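Data first, discussion second: the structure below is written as structure tokens.
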2 protein chains.
Amino acid sequence: MLVLGIDIGGTDVKYAAVDKNGNVSNFSKFGFKKDADKLISLIYEKTKRFNFSKIGVAIAGDVDSTKGIVRFSPNLNWKNLNIKKKLSDVFGKPSNIENDANAAAYGSYVLDFKKKYGNIVCITIGTGVGGGLIIDGKLYRGSTGSAGELGHQTYMPQGRNCPCGNLGCFERYLGAPGIIKTAEEKIKKIKTKTNMLSTDKNFNTPEMITMAAKNGDKLAIEIWDDVGKILGTLLSNAINSLNPDAIVLAGGISKAGDFLLKPAVKEMKERAFKYPSSRTKIIISGHQEHLGVAGAAMLSMNK
Amino acid sequence: MLVLGIDIGGTDVKYAAVDKNGNVSNFSKFGFKKDADKLISLIYEKTKRFNFSKIGVAIAGDVDSTKGIVRFSPNLNWKNLNIKKKLSDVFGKPSNIENDANAAAYGSYVLDFKKKYGNIVCITIGTGVGGGLIIDGKLYRGSTGSAGELGHQTYMPQGRNCPCGNLGCFERYLGAPGIIKTAEEKIKKIKTKTNMLSTDKNFNTPEMITMAAKNGDKLAIEIWDDVGKILGTLLSNAINSLNPDAIVLAGGISKAGDFLLKPAVKEMKERAFKYPSSRTKIIISGHQEHLGVAGAAMLSMNK
């Protein structure tokens with residue numbers, strides 16, 4: 001049985017055919033305008049030659065998975081949109097809708113861990129910081145479908161303003177805009193401009209910090225150290241509260257690799273309970289872009 | 001079927017007979033020295049007239065529930081103690097051992113909520129701050145049995161030293177010693193001694209703050225406001241990460257009632273996601289001292 005997996009992000013749509021083991025084929029990705037009807041027609045055209053029986057969709061936003069409704073997606077500007085019905089109208093096939101970080105968590109459970117571990121925390125770090133929880137081998141959605149928003153836990157009680165309404169959310173320090181803000185604050189404080197970032201007038205992405213770090217730039221390494229420590233605090237919170245078998249990091253920021261992971265794990269070990277933390281595997285996903293489509297498809301398959 | 005429920009805390013032991021609906025009878029409580037063998041013999045003497053088929057034990061500490069071993073209890077000074085075997089030797093009956101906050105969470109699931117809600121977060125606030133998670137109507141123990149340690153999440157990244165090794169754990173601000181420390185810091189700053197706490201030389205318990213607050217003492221009310229805000233931050237973290245149906249507060253500090261609960265809920269509403277937080281019931285347990293024995297017994301019954 002093949003299932004069509006679709007992952008609708010803020011700027012890109014990804015889709016693929018997914019088999020019962022989570023294997024992804026015909027993966028494709030394209031930019032799109034935020035019109036749901038046009039998007040669904042377009043995906044229909046691109047995938048009608050696939051032989052699939054069901055559809056699984058991952059969407060960045062607050063999703064009512066039972067009803068198949070996008071309650072609110074700030075990035076897509078969709079509100080109370082019955083995406084399940086729209087898909088049924090065009091494809092004539094059953095579908096299941098999930099939050100994208102939840103789908104990624106399930107995708108990682110299948111692809112990174114081959115279902116070997118039952119309790120997994122997935123943290124997706126890109127522009128925003130999302131999360132998904134696998135508990136006893138099942139996606140845990142919570143009471144209203146919004147469980148796993150680990151990035152909107154408080155890091156600094158009187159810290160940076162978050163669009164969610166809170167102050168000092170982890171997302172404000174770990175998401176791409178937060179990392180750039182931290183970098184800019186650090187650059188301002190430096191008097192002698194002997195580093196790559198403060199002399200580069202076009203500096204504005206975390207990837208550029210990673211590039212500078214790879215070239216041995218001390219300030220860039222220091223920035224990832226600082227960000228890593230904050231991530232380590234989030235990891236220790238996750239371990240002490242959820243005691244998972246594994247934590248998987250995914251999303252653009254996780255591609256900083258060891259520059260981010262090493263200080264994060266060090267800080268986590270200093271903060272978390274020793275016994276459970278010594279038994280938690282912490283990895284960066286090896287399947288990144290496939291997690292959403294694979295997870296969305298597998299969750300639809302299981303319904 | 002009756003089960004003997006035993007709740008071994010740092011200073012008191014509680015026990016009772018518990019029926020299949022969690023109803024507690026013959027509840028009793030006594031102080032004890034920390035010798036496990038003597039304690040078990042004593043409980044045997046006190047309960048041998050009860051007609052029960054199993055035993056359920058709740059213990060303050062890190063417990064391996066599968067093996068029935070207390071890995072470590074700092075308060076009891078027990079280490080790698082096979083309590084299940086000791087109980088079997090004396091009682092000749094099967095038993096199940098749980099962490100006390102986990103047992104309390106299950107007790108609240110049965111007694112406070114009559115199993116009506118599947119996803120419950122229990123926060124026990126006394127000397128320490130523990131927690132237990134009920135997920136889909138089952139106790140969630142995590143990978144090594146230490147899930148639910150919500151009090152050892154970081155509140156202030158560079159805050160007060162915690163014996164667990166971390167800095168700034170919620171427990172350092174919400175547990176009884178932390179509240180007293182906050183109160184003392186506030187009292188020091190005050191110049192005019194027009195309040196009850198700073199004029200009472202014997203002031204040293206949270207109960208005395210509650211008493212002063214009930215008598216309209218402004219400083220005492222302010223202390224509970226401050227503590228409540230910190231609790232509200234913990235509540236918002238729990239809602240955004242776990243999206244539970246309900247959060248229940250138990251333990252000595254929760255007896256401050258509305259002095260604590262009102263500022264906590266206000267702060268939680270300001271910090272947490274609006275939709276899930278508006279749907280989370282937040283209560284102080286109505287069954288306090290019975291939670292541990294009832295939960296431990298029910299968990300043993302279900303095994």
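Labels for the structure tokens follow display order: chains A, B, ..., residues from 1 in each chain, ligands from 1.
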Tell me, counting only C-alpha atoms, for each residue of chain A within 9 Å of chain B, which pair of atoms is nearest and how far apart they are in Å to one decimal, in rows ordered by chain and increasing number, as JSON lines.
{"residue": "A:Gly118", "atom": "CA", "partner": "B:Ser143", "partner_atom": "CA", "distance": 8.3}
{"residue": "A:Asn119", "atom": "CA", "partner": "B:Ser143", "partner_atom": "CA", "distance": 6.9}
{"residue": "A:Gly131", "atom": "CA", "partner": "B:Ser241", "partner_atom": "CA", "distance": 8.3}
{"residue": "A:Gly132", "atom": "CA", "partner": "B:Ser241", "partner_atom": "CA", "distance": 8.9}
{"residue": "A:Leu133", "atom": "CA", "partner": "B:Leu242", "partner_atom": "CA", "distance": 8.8}
{"residue": "A:Ile135", "atom": "CA", "partner": "B:Gly142", "partner_atom": "CA", "distance": 8.5}
{"residue": "A:Asp136", "atom": "CA", "partner": "B:Gly142", "partner_atom": "CA", "distance": 8.9}
{"residue": "A:Tyr140", "atom": "CA", "partner": "B:Ile135", "partner_atom": "CA", "distance": 8.5}
{"residue": "A:Arg141", "atom": "CA", "partner": "B:Asn243", "partner_atom": "CA", "distance": 7.8}
{"residue": "A:Gly142", "atom": "CA", "partner": "B:Asn243", "partner_atom": "CA", "distance": 4.8}
{"residue": "A:Ser143", "atom": "CA", "partner": "B:Asp245", "partner_atom": "CA", "distance": 5.3}
{"residue": "A:Thr144", "atom": "CA", "partner": "B:Pro276", "partner_atom": "CA", "distance": 6.1}
{"residue": "A:Gly145", "atom": "CA", "partner": "B:Asn243", "partner_atom": "CA", "distance": 7.5}
{"residue": "A:Ser146", "atom": "CA", "partner": "B:Asn243", "partner_atom": "CA", "distance": 6.1}
{"residue": "A:Ala147", "atom": "CA", "partner": "B:Leu242", "partner_atom": "CA", "distance": 4.7}
{"residue": "A:Gly148", "atom": "CA", "partner": "B:Ser241", "partner_atom": "CA", "distance": 4.5}
{"residue": "A:Glu149", "atom": "CA", "partner": "B:Ser241", "partner_atom": "CA", "distance": 4.9}
{"residue": "A:Leu150", "atom": "CA", "partner": "B:Ser241", "partner_atom": "CA", "distance": 5.2}
{"residue": "A:Gly151", "atom": "CA", "partner": "B:Ser241", "partner_atom": "CA", "distance": 8.4}
{"residue": "A:His152", "atom": "CA", "partner": "B:Asn240", "partner_atom": "CA", "distance": 6.5}
{"residue": "A:Gln153", "atom": "CA", "partner": "B:Asn237", "partner_atom": "CA", "distance": 4.7}
{"residue": "A:Thr154", "atom": "CA", "partner": "B:Asn237", "partner_atom": "CA", "distance": 6.6}
{"residue": "A:Tyr155", "atom": "CA", "partner": "B:Tyr155", "partner_atom": "CA", "distance": 7.2}
{"residue": "A:Met156", "atom": "CA", "partner": "B:Met156", "partner_atom": "CA", "distance": 7.0}
{"residue": "A:Pro157", "atom": "CA", "partner": "B:Tyr155", "partner_atom": "CA", "distance": 7.6}
{"residue": "A:Cys164", "atom": "CA", "partner": "B:Phe273", "partner_atom": "CA", "distance": 6.9}
{"residue": "A:Gly165", "atom": "CA", "partner": "B:Arg271", "partner_atom": "CA", "distance": 6.4}
{"residue": "A:Asn166", "atom": "CA", "partner": "B:Arg271", "partner_atom": "CA", "distance": 4.4}
{"residue": "A:Leu167", "atom": "CA", "partner": "B:Arg271", "partner_atom": "CA", "distance": 7.2}
{"residue": "A:Ile230", "atom": "CA", "partner": "B:Pro157", "partner_atom": "CA", "distance": 8.8}
{"residue": "A:Thr233", "atom": "CA", "partner": "B:Thr154", "partner_atom": "CA", "distance": 7.1}
{"residue": "A:Leu234", "atom": "CA", "partner": "B:Thr154", "partner_atom": "CA", "distance": 8.5}
{"residue": "A:Ser236", "atom": "CA", "partner": "B:Gln153", "partner_atom": "CA", "distance": 7.2}
{"residue": "A:Asn237", "atom": "CA", "partner": "B:Gln153", "partner_atom": "CA", "distance": 4.7}
{"residue": "A:Ala238", "atom": "CA", "partner": "B:Gln153", "partner_atom": "CA", "distance": 8.1}
{"residue": "A:Ile239", "atom": "CA", "partner": "B:Ala147", "partner_atom": "CA", "distance": 7.7}
{"residue": "A:Asn240", "atom": "CA", "partner": "B:Glu149", "partner_atom": "CA", "distance": 5.3}
{"residue": "A:Ser241", "atom": "CA", "partner": "B:Gly148", "partner_atom": "CA", "distance": 4.5}
{"residue": "A:Leu242", "atom": "CA", "partner": "B:Ala147", "partner_atom": "CA", "distance": 4.7}
{"residue": "A:Asn243", "atom": "CA", "partner": "B:Ala147", "partner_atom": "CA", "distance": 4.8}
{"residue": "A:Pro244", "atom": "CA", "partner": "B:Ser143", "partner_atom": "CA", "distance": 5.4}
{"residue": "A:Asp245", "atom": "CA", "partner": "B:Ser143", "partner_atom": "CA", "distance": 5.3}
{"residue": "A:Ala246", "atom": "CA", "partner": "B:Ser143", "partner_atom": "CA", "distance": 8.9}
{"residue": "A:Glu270", "atom": "CA", "partner": "B:Asn166", "partner_atom": "CA", "distance": 6.6}
{"residue": "A:Arg271", "atom": "CA", "partner": "B:Asn166", "partner_atom": "CA", "distance": 4.5}
{"residue": "A:Ala272", "atom": "CA", "partner": "B:Asn166", "partner_atom": "CA", "distance": 6.9}
{"residue": "A:Phe273", "atom": "CA", "partner": "B:Cys164", "partner_atom": "CA", "distance": 6.9}
{"residue": "A:Lys274", "atom": "CA", "partner": "B:Cys164", "partner_atom": "CA", "distance": 8.9}
{"residue": "A:Tyr275", "atom": "CA", "partner": "B:Thr144", "partner_atom": "CA", "distance": 8.1}
{"residue": "A:Pro276", "atom": "CA", "partner": "B:Thr144", "partner_atom": "CA", "distance": 6.1}
{"residue": "A:Arg279", "atom": "CA", "partner": "B:Thr144", "partner_atom": "CA", "distance": 8.0}
{"residue": "A:Thr280", "atom": "CA", "partner": "B:Ser143", "partner_atom": "CA", "distance": 8.4}
Output for the residues just chosen: C-alpha atoms as a PDB file, in the first residue's frame:
ATOM      1  CA  GLY A 118       8.766   3.791  22.176  1.00  0.00           C
ATOM      2  CA  ASN A 119       9.244   7.201  23.803  1.00  0.00           C
ATOM      3  CA  GLY A 131       8.078  19.583  18.775  1.00  0.00           C
ATOM      4  CA  GLY A 132       6.316  16.273  18.743  1.00  0.00           C
ATOM      5  CA  LEU A 133       6.016  13.505  21.304  1.00  0.00           C
ATOM      6  CA  ILE A 135       4.703   7.907  23.698  1.00  0.00           C
ATOM      7  CA  ASP A 136       4.611   4.110  23.764  1.00  0.00           C
ATOM      8  CA  TYR A 140       0.692  11.919  21.592  1.00  0.00           C
ATOM      9  CA  ARG A 141      -1.540  14.808  20.499  1.00  0.00           C
ATOM     10  CA  GLY A 142      -2.786  15.928  23.917  1.00  0.00           C
ATOM     11  CA  SER A 143      -6.245  17.065  24.849  1.00  0.00           C
ATOM     12  CA  THR A 144      -6.830  19.555  22.005  1.00  0.00           C
ATOM     13  CA  GLY A 145      -4.151  18.393  19.551  1.00  0.00           C
ATOM     14  CA  SER A 146      -1.494  20.922  20.489  1.00  0.00           C
ATOM     15  CA  ALA A 147       0.899  18.851  22.619  1.00  0.00           C
ATOM     16  CA  GLY A 148       4.625  19.074  21.951  1.00  0.00           C
ATOM     17  CA  GLU A 149       5.063  22.839  21.650  1.00  0.00           C
ATOM     18  CA  LEU A 150       8.381  22.605  23.462  1.00  0.00           C
ATOM     19  CA  GLY A 151       9.701  25.803  21.891  1.00  0.00           C
ATOM     20  CA  HIS A 152       6.994  27.773  23.649  1.00  0.00           C
ATOM     21  CA  GLN A 153       8.105  26.841  27.115  1.00  0.00           C
ATOM     22  CA  THR A 154       9.632  29.728  29.028  1.00  0.00           C
ATOM     23  CA  TYR A 155      13.424  30.028  28.988  1.00  0.00           C
ATOM     24  CA  MET A 156      13.752  33.572  30.369  1.00  0.00           C
ATOM     25  CA  PRO A 157      10.702  34.601  32.437  1.00  0.00           C
ATOM     26  CA  CYS A 164       2.571  33.721  20.979  1.00  0.00           C
ATOM     27  CA  GLY A 165       1.992  36.252  23.792  1.00  0.00           C
ATOM     28  CA  ASN A 166       4.566  34.886  26.226  1.00  0.00           C
ATOM     29  CA  LEU A 167       7.882  36.392  27.298  1.00  0.00           C
ATOM     30  CA  ILE A 230      20.110  27.175  25.686  1.00  0.00           C
ATOM     31  CA  THR A 233      18.526  23.585  28.967  1.00  0.00           C
ATOM     32  CA  LEU A 234      15.539  22.646  26.805  1.00  0.00           C
ATOM     33  CA  SER A 236      17.327  18.765  30.236  1.00  0.00           C
ATOM     34  CA  ASN A 237      13.749  19.945  30.788  1.00  0.00           C
ATOM     35  CA  ALA A 238      12.537  17.340  28.301  1.00  0.00           C
ATOM     36  CA  ILE A 239      14.538  14.580  30.000  1.00  0.00           C
ATOM     37  CA  ASN A 240      13.460  15.428  33.547  1.00  0.00           C
ATOM     38  CA  SER A 241       9.823  15.810  32.601  1.00  0.00           C
ATOM     39  CA  LEU A 242       9.426  13.109  29.940  1.00  0.00           C
ATOM     40  CA  ASN A 243      12.349  10.693  30.463  1.00  0.00           C
ATOM     41  CA  PRO A 244      12.323   9.665  26.778  1.00  0.00           C
ATOM     42  CA  ASP A 245      14.372   6.892  25.170  1.00  0.00           C
ATOM     43  CA  ALA A 246      15.632   9.366  22.604  1.00  0.00           C
ATOM     44  CA  GLU A 270      25.102  19.315  33.759  1.00  0.00           C
ATOM     45  CA  ARG A 271      21.438  20.109  34.258  1.00  0.00           C
ATOM     46  CA  ALA A 272      19.447  16.869  33.876  1.00  0.00           C
ATOM     47  CA  PHE A 273      19.109  13.941  36.283  1.00  0.00           C
ATOM     48  CA  LYS A 274      22.169  11.739  35.790  1.00  0.00           C
ATOM     49  CA  TYR A 275      20.563   8.313  35.470  1.00  0.00           C
ATOM     50  CA  PRO A 276      17.882   9.066  32.858  1.00  0.00           C
ATOM     51  CA  ARG A 279      20.330   6.635  28.942  1.00  0.00           C
ATOM     52  CA  THR A 280      18.807   9.112  26.496  1.00  0.00           C
TER      53      THR A 280
END
- Task: Show which residues sit within 10 Å of A:Ile55, as a ChimeraX atom specification. Count only C-alpha atoms, and ignore same-chain residues fewer than 3 positions away.
- Result: /A:2-6,17-18,52,84,87-88,91,93-97,293,296-301
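Taking atom CA of B:Tyr173 and atom CA of B:Ala60 as the two end points, the separation is 19.7 Å.
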- Task: Within stretch 158-288 of chain A, find each residue whose DSSP state, derived from the backbone, is strand (DSSP E), and express the selection as an MDAnalysis selection string.
- Result: chainID A and resid 246:250 281:284
Please, could you write that set of residues out with N, CA, C and O atoms as an mmCIF file, in the first residue's frame?
data_model
loop_
_atom_site.group_PDB
_atom_site.id
_atom_site.type_symbol
_atom_site.label_atom_id
_atom_site.label_comp_id
_atom_site.auth_asym_id
_atom_site.auth_seq_id
_atom_site.Cartn_x
_atom_site.Cartn_y
_atom_site.Cartn_z
ATOM 1 N N ALA A 246 14.792 8.620 23.541
ATOM 2 C CA ALA A 246 15.632 9.366 22.604
ATOM 3 C C ALA A 246 15.050 10.743 22.330
ATOM 4 O O ALA A 246 13.835 10.951 22.428
ATOM 5 N N ILE A 247 15.945 11.675 22.022
ATOM 6 C CA ILE A 247 15.533 12.994 21.553
ATOM 7 C C ILE A 247 16.160 13.199 20.183
ATOM 8 O O ILE A 247 17.363 12.972 20.006
ATOM 9 N N VAL A 248 15.344 13.588 19.219
ATOM 10 C CA VAL A 248 15.854 13.812 17.873
ATOM 11 C C VAL A 248 15.671 15.283 17.504
ATOM 12 O O VAL A 248 14.622 15.872 17.766
ATOM 13 N N LEU A 249 16.718 15.869 16.943
ATOM 14 C CA LEU A 249 16.655 17.260 16.487
ATOM 15 C C LEU A 249 16.514 17.275 14.976
ATOM 16 O O LEU A 249 17.203 16.532 14.271
ATOM 17 N N ALA A 250 15.616 18.111 14.485
ATOM 18 C CA ALA A 250 15.431 18.221 13.040
ATOM 19 C C ALA A 250 15.247 19.684 12.673
ATOM 20 O O ALA A 250 15.140 20.541 13.550
ATOM 21 N N LYS A 281 19.314 8.722 24.166
ATOM 22 C CA LYS A 281 20.052 8.967 22.926
ATOM 23 C C LYS A 281 19.658 10.325 22.385
ATOM 24 O O LYS A 281 18.472 10.619 22.275
ATOM 25 N N ILE A 282 20.646 11.126 22.007
ATOM 26 C CA ILE A 282 20.336 12.430 21.416
ATOM 27 C C ILE A 282 20.993 12.501 20.049
ATOM 28 O O ILE A 282 22.223 12.396 19.930
ATOM 29 N N ILE A 283 20.183 12.634 19.025
ATOM 30 C CA ILE A 283 20.720 12.628 17.658
ATOM 31 C C ILE A 283 20.124 13.764 16.831
ATOM 32 O O ILE A 283 19.082 14.317 17.172
ATOM 33 N N ILE A 284 20.853 14.075 15.764
ATOM 34 C CA ILE A 284 20.271 14.934 14.735
ATOM 35 C C ILE A 284 19.710 14.001 13.664
ATOM 36 O O ILE A 284 20.382 13.034 13.270
#
- Task: Name the residues of stretch 193-222 of chain B that fall into helix (DSSP H, G or I) according to DSSP on the backbone, using the chain letters and numbers of this document, as an NGL selection string.
- Result: :B and (196-199 or 206-214 or 218-222)
- Residues near A:Arg71, cut-off 8 Å, only C-alpha atoms, skip fewer than 6 positions along chain, as a list in words: Gly61, Asp62, Val63, Asp64, Trp78, Lys79, Asn80 and Leu81 of chain A
Find the spatial neighbours of B:Thr11, counting only C-alpha atoms, within a cut-off of 8 Å - ignore same-chain residues fewer than 2 positions away - and output them as an mmCIF file with N, CA, C and O atoms, in the first residue's frame.
data_model
loop_
_atom_site.group_PDB
_atom_site.id
_atom_site.type_symbol
_atom_site.label_atom_id
_atom_site.label_comp_id
_atom_site.auth_asym_id
_atom_site.auth_seq_id
_atom_site.Cartn_x
_atom_site.Cartn_y
_atom_site.Cartn_z
ATOM 1 N N GLY B 9 6.680 8.342 52.959
ATOM 2 C CA GLY B 9 7.251 9.666 52.708
ATOM 3 C C GLY B 9 8.526 9.858 53.518
ATOM 4 O O GLY B 9 9.010 8.934 54.170
ATOM 5 N N VAL B 13 4.604 7.572 57.358
ATOM 6 C CA VAL B 13 4.071 6.486 56.533
ATOM 7 C C VAL B 13 2.555 6.534 56.637
ATOM 8 O O VAL B 13 2.014 6.735 57.728
ATOM 9 N N GLY B 31 4.643 8.375 62.255
ATOM 10 C CA GLY B 31 6.052 8.695 62.037
ATOM 11 C C GLY B 31 6.893 7.424 62.153
ATOM 12 O O GLY B 31 6.447 6.443 62.756
ATOM 13 N N PHE B 32 8.076 7.400 61.557
ATOM 14 C CA PHE B 32 8.880 6.172 61.604
ATOM 15 C C PHE B 32 10.360 6.478 61.448
ATOM 16 O O PHE B 32 10.731 7.531 60.934
#
- Query: Within 8 Å of B:Leu260, counting only C-alpha atoms, which residues qualify if same-chain residues fewer than 2 places away don't, as a list in words?
  - Reply: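 Final neighbour list, sorted by chain and number: Trp224, Asp225, Val227, Gly228, Ser254, Ala256, Gly257, Asp258, Lys262, Pro263 and Ala264 of chain B.
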Give me the residues near B:Ile59 as an mmCIF file with all heavy atoms, in the first residue's frame, where near means some atom within 7 Å (using only C-alpha atoms) and where sequence neighbours in that chain fewer than 2 positions away do not count.
data_model
loop_
_atom_site.group_PDB
_atom_site.id
_atom_site.type_symbol
_atom_site.label_atom_id
_atom_site.label_comp_id
_atom_site.auth_asym_id
_atom_site.auth_seq_id
_atom_site.Cartn_x
_atom_site.Cartn_y
_atom_site.Cartn_z
ATOM 1 N N ASP B 7 2.083 4.441 51.631
ATOM 2 C CA ASP B 7 2.740 5.643 51.075
ATOM 3 C C ASP B 7 3.866 6.032 52.039
ATOM 4 O O ASP B 7 3.607 6.538 53.129
ATOM 5 C CB ASP B 7 1.693 6.754 50.939
ATOM 6 C CG ASP B 7 2.264 8.013 50.301
ATOM 7 O OD1 ASP B 7 3.473 8.044 49.991
ATOM 8 O OD2 ASP B 7 1.488 8.977 50.129
ATOM 9 N N ILE B 8 5.101 5.755 51.620
ATOM 10 C CA ILE B 8 6.255 6.008 52.488
ATOM 11 C C ILE B 8 6.898 7.335 52.117
ATOM 12 O O ILE B 8 7.541 7.460 51.073
ATOM 13 C CB ILE B 8 7.290 4.859 52.372
ATOM 14 C CG1 ILE B 8 6.596 3.501 52.583
ATOM 15 C CG2 ILE B 8 8.424 5.057 53.378
ATOM 16 C CD1 ILE B 8 7.527 2.307 52.412
ATOM 17 N N GLY B 9 6.680 8.342 52.959
ATOM 18 C CA GLY B 9 7.251 9.666 52.708
ATOM 19 C C GLY B 9 8.526 9.858 53.518
ATOM 20 O O GLY B 9 9.010 8.934 54.170
ATOM 21 N N VAL B 57 2.768 0.117 46.863
ATOM 22 C CA VAL B 57 3.588 1.016 47.680
ATOM 23 C C VAL B 57 4.001 2.246 46.872
ATOM 24 O O VAL B 57 4.405 2.131 45.705
ATOM 25 C CB VAL B 57 4.855 0.298 48.195
ATOM 26 C CG1 VAL B 57 5.651 1.207 49.134
ATOM 27 C CG2 VAL B 57 4.500 -0.993 48.903
ATOM 28 N N GLY B 61 11.184 8.910 45.938
ATOM 29 C CA GLY B 61 12.521 8.603 45.437
ATOM 30 C C GLY B 61 12.480 8.023 44.033
ATOM 31 O O GLY B 61 11.418 7.929 43.407
ATOM 32 N N GLU B 98 5.949 2.163 43.349
ATOM 33 C CA GLU B 98 5.943 3.330 42.468
ATOM 34 C C GLU B 98 6.571 4.533 43.158
ATOM 35 O O GLU B 98 6.554 4.621 44.386
ATOM 36 C CB GLU B 98 4.507 3.727 42.082
ATOM 37 C CG GLU B 98 3.709 2.695 41.325
ATOM 38 C CD GLU B 98 4.145 2.541 39.874
ATOM 39 O OE1 GLU B 98 4.893 3.396 39.360
ATOM 40 O OE2 GLU B 98 3.727 1.549 39.252
ATOM 41 N N ASN B 99 7.041 5.468 42.368
ATOM 42 C CA ASN B 99 7.406 6.782 42.892
ATOM 43 C C ASN B 99 6.162 7.443 43.476
ATOM 44 O O ASN B 99 5.057 7.285 42.951
ATOM 45 C CB ASN B 99 7.988 7.616 41.742
ATOM 46 C CG ASN B 99 8.069 9.080 42.072
ATOM 47 O OD1 ASN B 99 7.105 9.811 41.867
ATOM 48 N ND2 ASN B 99 9.184 9.514 42.596
ATOM 49 N N ASP B 100 6.322 8.183 44.573
ATOM 50 C CA ASP B 100 5.146 8.730 45.269
ATOM 51 C C ASP B 100 4.339 9.749 44.452
ATOM 52 O O ASP B 100 3.115 9.753 44.510
ATOM 53 C CB ASP B 100 5.534 9.308 46.639
ATOM 54 C CG ASP B 100 6.538 10.432 46.551
ATOM 55 O OD1 ASP B 100 7.181 10.575 45.489
ATOM 56 O OD2 ASP B 100 6.696 11.157 47.543
#
With a distance cut-off of 10 Å and only C-alpha atoms, select the neighbouring residues of B:Asp112, excluding the residue or stretch itself and same-chain residues fewer than 4 positions from it, and output the selection as a short mmCIF file (atom, residue, chain, number, x, y, z; two decimals) with C-alpha atoms, in the first residue's frame.
data_model
loop_
_atom_site.label_atom_id
_atom_site.label_comp_id
_atom_site.auth_asym_id
_atom_site.auth_seq_id
_atom_site.Cartn_x
_atom_site.Cartn_y
_atom_site.Cartn_z
CA ALA B 105 -1.07 11.31 39.95
CA TYR B 106 -2.86 8.01 39.47
CA GLY B 107 -4.71 8.50 42.74
CA SER B 108 -5.95 11.86 41.54
CA LYS B 116 -13.19 11.09 33.27
CA VAL B 248 -4.01 18.88 39.68
CA ILE B 283 -7.63 22.24 40.51
CA ILE B 284 -6.20 21.63 43.94
CA SER B 285 -6.79 18.00 44.86
CA GLY B 286 -9.70 17.34 47.18
CA HIS B 287 -8.12 14.08 48.35
CA GLN B 288 -4.59 15.20 49.33
CA LEU B 291 -3.77 10.18 46.81
#
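Interatomic distance, atom CA of A:Leu111 to atom CA of A:Ala294: 8.1 Å.
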